[in-house]
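A.B. asks: Have a look at the structure that comes next, please.
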Amino acid sequence: MTEQTFSIIKPDATRRNLTGSVNAMLEGAGLRIVAQKRIHMSQAQAESFYGVHKERPFFGSLVAFMTSGPVVVQVLEGENAVLKNREVMGATNPEQADEGTIRKAFAESIEANSVHGSDSPENAAIEIAYFFSGTEIVG
Ligand code: ADP
Ligand code: MG
């Protein structure tokens, strides 16, 4: 089933000029980038986006990291896009990520792990709507 998911290229990757390399791996996995913009997240945006993690010990550090530089927010479309994106991203901790995944190739640490991807179709819809209006998504 064709679906959409939400993706972020995180500050550690934009800082190292890896936007194109990350997106080549996403496109190579069959995902289409149907919306995209480069932004610098505000503290409030990052806190709200990662609100589910606000009780976790790493929350403050994560928000500081996500606001430390520009990110690229994007919408990916394809067959089983949510799961496919999670597969090509690899495990949260790059030490546990499989060969051939984005995090194995590029992540610096469990925090600075280069990419975000929605974990369910329900959260994908919420996350897409947080950053994009319908007219900005062009399939
Ligand atoms: P994922 O991004 O794989 O869905 P989570 O939703 O669990 O992972 O965590 C969100 C983000 O928080 C991670 O991508 C990573 O940047 C950061 N993070 C997760 N666990 C830790 C940790 N133990 N220490 C520092 N940062 C973490
Ligand atoms: Mg997550």
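Chain lettering (A, B, ...) mirrors the order of the structure tokens, residue numbering begins at 1 for each chain separately, and ligand numbering begins at 1 in order of display.
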Do you have, as a tab-separated table, the list of residues of chain A lying at most 10 Å from ligand 1, each with its nearest atom pair and that distance in Å to one decimal, counting only C-alpha atoms and all ligand atoms and ordered by chain then number?
C.D. replies:
residue	atom	partner	partner_atom_place_in_ligand_line	distance
A:Ile8	CA	ligand 1	2 (O)	9.8
A:Lys10	CA	ligand 1	16 (O)	8.5
A:Tyr50	CA	ligand 1	10 (C)	7.3
A:Val52	CA	ligand 1	6 (O)	8.5
A:His53	CA	ligand 1	10 (C)	7.3
A:Arg56	CA	ligand 1	21 (C)	8.5
A:Pro57	CA	ligand 1	24 (N)	7.8
A:Phe58	CA	ligand 1	25 (C)	5.0
A:Phe59	CA	ligand 1	12 (O)	7.4
A:Gly60	CA	ligand 1	26 (N)	9.5
A:Ser61	CA	ligand 1	25 (C)	7.3
A:Leu62	CA	ligand 1	17 (C)	5.9
A:Val63	CA	ligand 1	12 (O)	8.9
A:Phe65	CA	ligand 1	16 (O)	8.3
A:Met66	CA	ligand 1	16 (O)	8.2
A:Arg86	CA	ligand 1	3 (O)	7.8
A:Met89	CA	ligand 1	3 (O)	8.2
A:Gly90	CA	ligand 1	3 (O)	7.8
A:Ala91	CA	ligand 1	3 (O)	6.0
A:Thr92	CA	ligand 1	3 (O)	3.8
A:Asn93	CA	ligand 1	20 (N)	7.5
A:Pro94	CA	ligand 1	3 (O)	9.7
A:Arg103	CA	ligand 1	3 (O)	9.6
A:Ala107	CA	ligand 1	16 (O)	9.7
A:Ser109	CA	ligand 1	25 (C)	8.0
A:Ile110	CA	ligand 1	26 (N)	5.3
A:Glu111	CA	ligand 1	26 (N)	3.7
A:Ala112	CA	ligand 1	16 (O)	5.6
A:Asn113	CA	ligand 1	16 (O)	5.6
A:Ser114	CA	ligand 1	16 (O)	7.9
A:Val115	CA	ligand 1	14 (O)	7.0
A:His116	CA	ligand 1	2 (O)	5.1
A:Gly117	CA	ligand 1	4 (O)	6.4
A:Ser118	CA	ligand 1	4 (O)	6.9
A:Asp119	CA	ligand 1	4 (O)	6.2
A.B. asks: So which bits of chain A end up strand (DSSP E or B) when you DSSP the backbone, as a JSON list (two decimals) with all heavy atoms, in the first residue's frame?
C.D. replies:
[["chain", "number", "residue", "atom", "x", "y", "z"],
["A", 2, "THR", "N", 0.58, 2.18, -0.89],
["A", 2, "THR", "CA", 1.34, 3.44, -0.92],
["A", 2, "THR", "C", 0.98, 4.26, 0.31],
["A", 2, "THR", "O", -0.19, 4.45, 0.61],
["A", 2, "THR", "CB", 1.01, 4.24, -2.19],
["A", 2, "THR", "OG1", 1.41, 3.46, -3.32],
["A", 2, "THR", "CG2", 1.77, 5.55, -2.21],
["A", 3, "GLU", "N", 2.01, 4.69, 1.03],
["A", 3, "GLU", "CA", 1.75, 5.56, 2.18],
["A", 3, "GLU", "C", 2.85, 6.61, 2.26],
["A", 3, "GLU", "O", 3.81, 6.59, 1.48],
["A", 3, "GLU", "CB", 1.65, 4.74, 3.49],
["A", 3, "GLU", "CG", 2.89, 4.04, 3.89],
["A", 3, "GLU", "CD", 2.70, 3.15, 5.13],
["A", 3, "GLU", "OE1", 1.56, 2.89, 5.58],
["A", 3, "GLU", "OE2", 3.73, 2.68, 5.64],
["A", 4, "GLN", "N", 2.66, 7.54, 3.19],
["A", 4, "GLN", "CA", 3.64, 8.61, 3.39],
["A", 4, "GLN", "C", 4.21, 8.51, 4.80],
["A", 4, "GLN", "O", 3.55, 8.06, 5.73],
["A", 4, "GLN", "CB", 2.97, 9.99, 3.21],
["A", 4, "GLN", "CG", 2.55, 10.23, 1.77],
["A", 4, "GLN", "CD", 1.92, 11.60, 1.58],
["A", 4, "GLN", "OE1", 1.51, 12.26, 2.52],
["A", 4, "GLN", "NE2", 1.83, 12.02, 0.32],
["A", 5, "THR", "N", 5.46, 8.95, 4.93],
["A", 5, "THR", "CA", 6.09, 9.03, 6.24],
["A", 5, "THR", "C", 6.87, 10.34, 6.33],
["A", 5, "THR", "O", 7.11, 11.00, 5.33],
["A", 5, "THR", "CB", 6.98, 7.80, 6.52],
["A", 5, "THR", "OG1", 7.36, 7.81, 7.90],
["A", 5, "THR", "CG2", 8.22, 7.78, 5.65],
["A", 6, "PHE", "N", 7.22, 10.67, 7.57],
["A", 6, "PHE", "CA", 7.93, 11.92, 7.82],
["A", 6, "PHE", "C", 9.38, 11.63, 8.15],
["A", 6, "PHE", "O", 9.67, 10.70, 8.92],
["A", 6, "PHE", "CB", 7.25, 12.68, 8.96],
["A", 6, "PHE", "CG", 7.93, 13.97, 9.30],
["A", 6, "PHE", "CD1", 7.87, 15.05, 8.43],
["A", 6, "PHE", "CD2", 8.65, 14.11, 10.48],
["A", 6, "PHE", "CE1", 8.51, 16.25, 8.74],
["A", 6, "PHE", "CE2", 9.29, 15.29, 10.79],
["A", 6, "PHE", "CZ", 9.22, 16.36, 9.92],
["A", 7, "SER", "N", 10.28, 12.41, 7.58],
["A", 7, "SER", "CA", 11.73, 12.20, 7.71],
["A", 7, "SER", "C", 12.40, 13.51, 8.09],
["A", 7, "SER", "O", 11.98, 14.58, 7.64],
["A", 7, "SER", "CB", 12.24, 11.70, 6.34],
["A", 7, "SER", "OG", 13.65, 11.83, 6.22],
["A", 8, "ILE", "N", 13.42, 13.42, 8.92],
["A", 8, "ILE", "CA", 14.28, 14.59, 9.19],
["A", 8, "ILE", "C", 15.73, 14.17, 8.97],
["A", 8, "ILE", "O", 16.16, 13.13, 9.48],
["A", 8, "ILE", "CB", 14.15, 15.12, 10.64],
["A", 8, "ILE", "CG1", 12.70, 15.43, 11.00],
["A", 8, "ILE", "CG2", 15.01, 16.38, 10.82],
["A", 8, "ILE", "CD1", 12.52, 15.90, 12.46],
["A", 9, "ILE", "N", 16.47, 15.01, 8.24],
["A", 9, "ILE", "CA", 17.93, 14.89, 8.20],
["A", 9, "ILE", "C", 18.43, 15.80, 9.31],
["A", 9, "ILE", "O", 18.20, 17.01, 9.30],
["A", 9, "ILE", "CB", 18.49, 15.28, 6.83],
["A", 9, "ILE", "CG1", 17.86, 14.39, 5.75],
["A", 9, "ILE", "CG2", 20.01, 15.13, 6.82],
["A", 9, "ILE", "CD1", 18.28, 14.75, 4.33],
["A", 32, "ARG", "N", 10.14, 8.07, -2.47],
["A", 32, "ARG", "CA", 10.10, 9.32, -3.24],
["A", 32, "ARG", "C", 9.96, 10.49, -2.27],
["A", 32, "ARG", "O", 9.13, 10.45, -1.37],
["A", 32, "ARG", "CB", 8.91, 9.34, -4.20],
["A", 32, "ARG", "CG", 8.89, 8.18, -5.17],
["A", 32, "ARG", "CD", 7.69, 8.28, -6.11],
["A", 32, "ARG", "NE", 7.86, 9.40, -7.02],
["A", 32, "ARG", "CZ", 8.56, 9.34, -8.15],
["A", 32, "ARG", "NH1", 9.15, 8.22, -8.52],
["A", 32, "ARG", "NH2", 8.67, 10.41, -8.93],
["A", 33, "ILE", "N", 10.78, 11.54, -2.49],
["A", 33, "ILE", "CA", 10.70, 12.76, -1.66],
["A", 33, "ILE", "C", 9.63, 13.66, -2.28],
["A", 33, "ILE", "O", 9.86, 14.24, -3.35],
["A", 33, "ILE", "CB", 12.07, 13.46, -1.58],
["A", 33, "ILE", "CG1", 13.11, 12.50, -1.00],
["A", 33, "ILE", "CG2", 11.95, 14.75, -0.75],
["A", 33, "ILE", "CD1", 14.55, 12.94, -1.24],
["A", 34, "VAL", "N", 8.47, 13.76, -1.62],
["A", 34, "VAL", "CA", 7.35, 14.50, -2.21],
["A", 34, "VAL", "C", 7.14, 15.87, -1.56],
["A", 34, "VAL", "O", 6.27, 16.63, -1.98],
["A", 34, "VAL", "CB", 6.04, 13.67, -2.20],
["A", 34, "VAL", "CG1", 6.20, 12.42, -3.07],
["A", 34, "VAL", "CG2", 5.63, 13.28, -0.78],
["A", 35, "ALA", "N", 7.93, 16.17, -0.52],
["A", 35, "ALA", "CA", 7.96, 17.51, 0.09],
["A", 35, "ALA", "C", 9.28, 17.62, 0.82],
["A", 35, "ALA", "O", 9.79, 16.62, 1.33],
["A", 35, "ALA", "CB", 6.80, 17.70, 1.05],
["A", 36, "GLN", "N", 9.82, 18.85, 0.87],
["A", 36, "GLN", "CA", 11.15, 19.00, 1.47],
["A", 36, "GLN", "C", 11.41, 20.46, 1.79],
["A", 36, "GLN", "O", 11.13, 21.34, 0.97],
["A", 36, "GLN", "CB", 12.20, 18.52, 0.46],
["A", 36, "GLN", "CG", 13.63, 18.51, 0.96],
["A", 36, "GLN", "CD", 14.56, 17.99, -0.13],
["A", 36, "GLN", "OE1", 14.67, 18.58, -1.19],
["A", 36, "GLN", "NE2", 15.22, 16.89, 0.14],
["A", 37, "LYS", "N", 11.95, 20.75, 2.97],
["A", 37, "LYS", "CA", 12.47, 22.10, 3.24],
["A", 37, "LYS", "C", 13.54, 22.06, 4.32],
["A", 37, "LYS", "O", 13.53, 21.19, 5.19],
["A", 37, "LYS", "CB", 11.35, 23.09, 3.60],
["A", 37, "LYS", "CG", 10.49, 22.73, 4.79],
["A", 37, "LYS", "CD", 9.28, 23.68, 4.82],
["A", 37, "LYS", "CE", 8.22, 23.18, 5.78],
["A", 37, "LYS", "NZ", 6.96, 23.91, 5.65],
["A", 38, "ARG", "N", 14.45, 23.04, 4.21],
["A", 38, "ARG", "CA", 15.53, 23.18, 5.18],
["A", 38, "ARG", "C", 15.10, 24.25, 6.17],
["A", 38, "ARG", "O", 14.75, 25.37, 5.77],
["A", 38, "ARG", "CB", 16.80, 23.58, 4.44],
["A", 38, "ARG", "CG", 18.05, 23.71, 5.30],
["A", 38, "ARG", "CD", 19.23, 23.94, 4.36],
["A", 38, "ARG", "NE", 20.47, 24.28, 5.03],
["A", 38, "ARG", "CZ", 21.46, 23.41, 5.28],
["A", 38, "ARG", "NH1", 21.32, 22.13, 4.92],
["A", 38, "ARG", "NH2", 22.57, 23.80, 5.86],
["A", 39, "ILE", "N", 15.13, 23.92, 7.46],
["A", 39, "ILE", "CA", 14.69, 24.85, 8.51],
["A", 39, "ILE", "C", 15.67, 24.78, 9.67],
["A", 39, "ILE", "O", 16.46, 23.83, 9.79],
["A", 39, "ILE", "CB", 13.27, 24.51, 9.03],
["A", 39, "ILE", "CG1", 13.24, 23.13, 9.70],
["A", 39, "ILE", "CG2", 12.24, 24.59, 7.90],
["A", 39, "ILE", "CD1", 11.95, 22.84, 10.47],
["A", 71, "VAL", "N", 18.13, 21.60, 9.85],
["A", 71, "VAL", "CA", 17.67, 20.24, 9.54],
["A", 71, "VAL", "C", 16.92, 20.31, 8.21],
["A", 71, "VAL", "O", 16.52, 21.39, 7.77],
["A", 71, "VAL", "CB", 16.74, 19.66, 10.63],
["A", 71, "VAL", "CG1", 17.44, 19.60, 11.98],
["A", 71, "VAL", "CG2", 15.44, 20.44, 10.73],
["A", 72, "VAL", "N", 16.75, 19.16, 7.58],
["A", 72, "VAL", "CA", 15.89, 19.06, 6.40],
["A", 72, "VAL", "C", 14.70, 18.20, 6.78],
["A", 72, "VAL", "O", 14.88, 17.03, 7.15],
["A", 72, "VAL", "CB", 16.65, 18.49, 5.19],
["A", 72, "VAL", "CG1", 15.71, 18.35, 3.99],
["A", 72, "VAL", "CG2", 17.84, 19.37, 4.83],
["A", 73, "VAL", "N", 13.51, 18.80, 6.74],
["A", 73, "VAL", "CA", 12.29, 18.04, 7.00],
["A", 73, "VAL", "C", 11.70, 17.64, 5.67],
["A", 73, "VAL", "O", 11.72, 18.42, 4.71],
["A", 73, "VAL", "CB", 11.27, 18.84, 7.86],
["A", 73, "VAL", "CG1", 11.80, 19.05, 9.26],
["A", 73, "VAL", "CG2", 10.91, 20.18, 7.22],
["A", 74, "GLN", "N", 11.19, 16.41, 5.59],
["A", 74, "GLN", "CA", 10.70, 15.94, 4.30],
["A", 74, "GLN", "C", 9.61, 14.88, 4.47],
["A", 74, "GLN", "O", 9.51, 14.24, 5.51],
["A", 74, "GLN", "CB", 11.85, 15.43, 3.42],
["A", 74, "GLN", "CG", 12.85, 14.55, 4.11],
["A", 74, "GLN", "CD", 14.14, 14.36, 3.28],
["A", 74, "GLN", "OE1", 14.45, 15.12, 2.37],
["A", 74, "GLN", "NE2", 14.88, 13.31, 3.59],
["A", 75, "VAL", "N", 8.83, 14.75, 3.41],
["A", 75, "VAL", "CA", 7.80, 13.71, 3.35],
["A", 75, "VAL", "C", 8.23, 12.70, 2.31],
["A", 75, "VAL", "O", 8.59, 13.07, 1.18],
["A", 75, "VAL", "CB", 6.42, 14.30, 2.97],
["A", 75, "VAL", "CG1", 5.36, 13.20, 2.89],
["A", 75, "VAL", "CG2", 6.00, 15.39, 3.96],
["A", 76, "LEU", "N", 8.23, 11.44, 2.70],
["A", 76, "LEU", "CA", 8.62, 10.34, 1.81],
["A", 76, "LEU", "C", 7.38, 9.53, 1.48],
["A", 76, "LEU", "O", 6.53, 9.28, 2.34],
["A", 76, "LEU", "CB", 9.64, 9.42, 2.50],
["A", 76, "LEU", "CG", 10.86, 10.10, 3.11],
["A", 76, "LEU", "CD1", 11.75, 9.07, 3.81],
["A", 76, "LEU", "CD2", 11.64, 10.88, 2.06],
["A", 77, "GLU", "N", 7.29, 9.08, 0.23],
["A", 77, "GLU", "CA", 6.13, 8.32, -0.22],
["A", 77, "GLU", "C", 6.59, 7.04, -0.91],
["A", 77, "GLU", "O", 7.60, 7.04, -1.61],
["A", 77, "GLU", "CB", 5.34, 9.19, -1.21],
["A", 77, "GLU", "CG", 4.00, 8.60, -1.63],
["A", 77, "GLU", "CD", 3.25, 9.59, -2.50],
["A", 77, "GLU", "OE1", 2.52, 10.43, -1.95],
["A", 77, "GLU", "OE2", 3.42, 9.53, -3.74],
["A", 78, "GLY", "N", 5.85, 5.98, -0.68],
["A", 78, "GLY", "CA", 6.15, 4.71, -1.35],
["A", 78, "GLY", "C", 5.38, 3.57, -0.71],
["A", 78, "GLY", "O", 4.63, 3.76, 0.25],
["A", 79, "GLU", "N", 5.61, 2.38, -1.26],
["A", 79, "GLU", "CA", 5.02, 1.18, -0.70],
["A", 79, "GLU", "C", 5.51, 1.01, 0.74],
["A", 79, "GLU", "O", 6.73, 1.01, 0.98],
["A", 79, "GLU", "CB", 5.48, -0.05, -1.50],
["A", 79, "GLU", "CG", 4.79, -0.27, -2.81],
["A", 79, "GLU", "CD", 3.37, -0.76, -2.61],
["A", 79, "GLU", "OE1", 3.19, -1.82, -1.98],
["A", 79, "GLU", "OE2", 2.45, -0.06, -3.07],
["A", 115, "VAL", "N", 19.27, 10.81, 11.20],
["A", 115, "VAL", "CA", 17.92, 10.83, 10.62],
["A", 115, "VAL", "C", 16.84, 10.54, 11.65],
["A", 115, "VAL", "O", 17.08, 9.82, 12.63],
["A", 115, "VAL", "CB", 17.77, 9.81, 9.45],
["A", 115, "VAL", "CG1", 18.36, 10.33, 8.16],
["A", 115, "VAL", "CG2", 18.35, 8.45, 9.82],
["A", 116, "HIS", "N", 15.68, 11.10, 11.40],
["A", 116, "HIS", "CA", 14.44, 10.74, 12.10],
["A", 116, "HIS", "C", 13.50, 10.08, 11.11],
["A", 116, "HIS", "O", 13.47, 10.47, 9.93],
["A", 116, "HIS", "CB", 13.74, 11.99, 12.67],
["A", 116, "HIS", "CG", 12.32, 11.72, 13.10],
["A", 116, "HIS", "ND1", 12.02, 11.21, 14.33],
["A", 116, "HIS", "CD2", 11.14, 11.84, 12.42],
["A", 116, "HIS", "CE1", 10.69, 11.03, 14.40],
["A", 116, "HIS", "NE2", 10.14, 11.41, 13.27],
["A", 117, "GLY", "N", 12.70, 9.14, 11.56],
["A", 117, "GLY", "CA", 11.62, 8.58, 10.75],
["A", 117, "GLY", "C", 10.44, 8.23, 11.62],
["A", 117, "GLY", "O", 10.61, 7.71, 12.73]]
A.B. asks: At what distance in Å, to one decimal, does CA of Pro11 (chain A) lie from CA of Ala46 (chain A)?
C.D. replies: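 So the two atoms, CA of Ala46 (chain A) and CA of Pro11 (chain A), lie 12.4 Å apart.
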A.B. asks: List the neighbours of Val88 (chain A) out to 7 Å using only C-alpha atoms; skip same-chain residues closer than 6 positions along the sequence, and give me the result as a ChimeraX atom specification.
C.D. replies: /A:26,101-102
A.B. asks: I need the residue nearest Met1 (chain A) from this list: A:Ala24, A:Glu99, A:Leu83, A:Ala129. Use only C-alpha atoms for the distance.
C.D. replies: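 Among the listed residues, the smallest separation from Met1 (chain A) belongs to A:Leu83.
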A.B. asks: For ligand 2, which residue out of A:Glu127, A:Glu27, A:Asp98, A:Asp12 is the nearest one, using only C-alpha atoms and all ligand atoms?
C.D. replies: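 Smallest distance to ligand 2 is found for A:Glu127.
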A.B. asks: For a test of reading the model, state the distance in Å between CA of Phe131 (chain A) and CA of Gly20 (chain A), rounded to one decimal.
C.D. replies: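 Going from CA of Phe131 (chain A) over to CA of Gly20 (chain A) covers 20.6 Å.
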A.B. asks: Using only C-alpha atoms, can you tell me which of A:Gly28, A:Pro121, A:Gly100, A:Gly69 comes closest to His40 (chain A)?
C.D. replies: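 For His40 (chain A), the nearest of the candidates is A:Gly69.
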A.B. asks: State, in Å with one decimal place, the distance from atom 1 (Mg, counted along the ligand's line) of ligand 2 to CA of Leu18 (chain A).
C.D. replies: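 Value for the atom 1 (Mg, counted along the ligand's line) of ligand 2-CA of Leu18 (chain A) distance: 20.9 Å.
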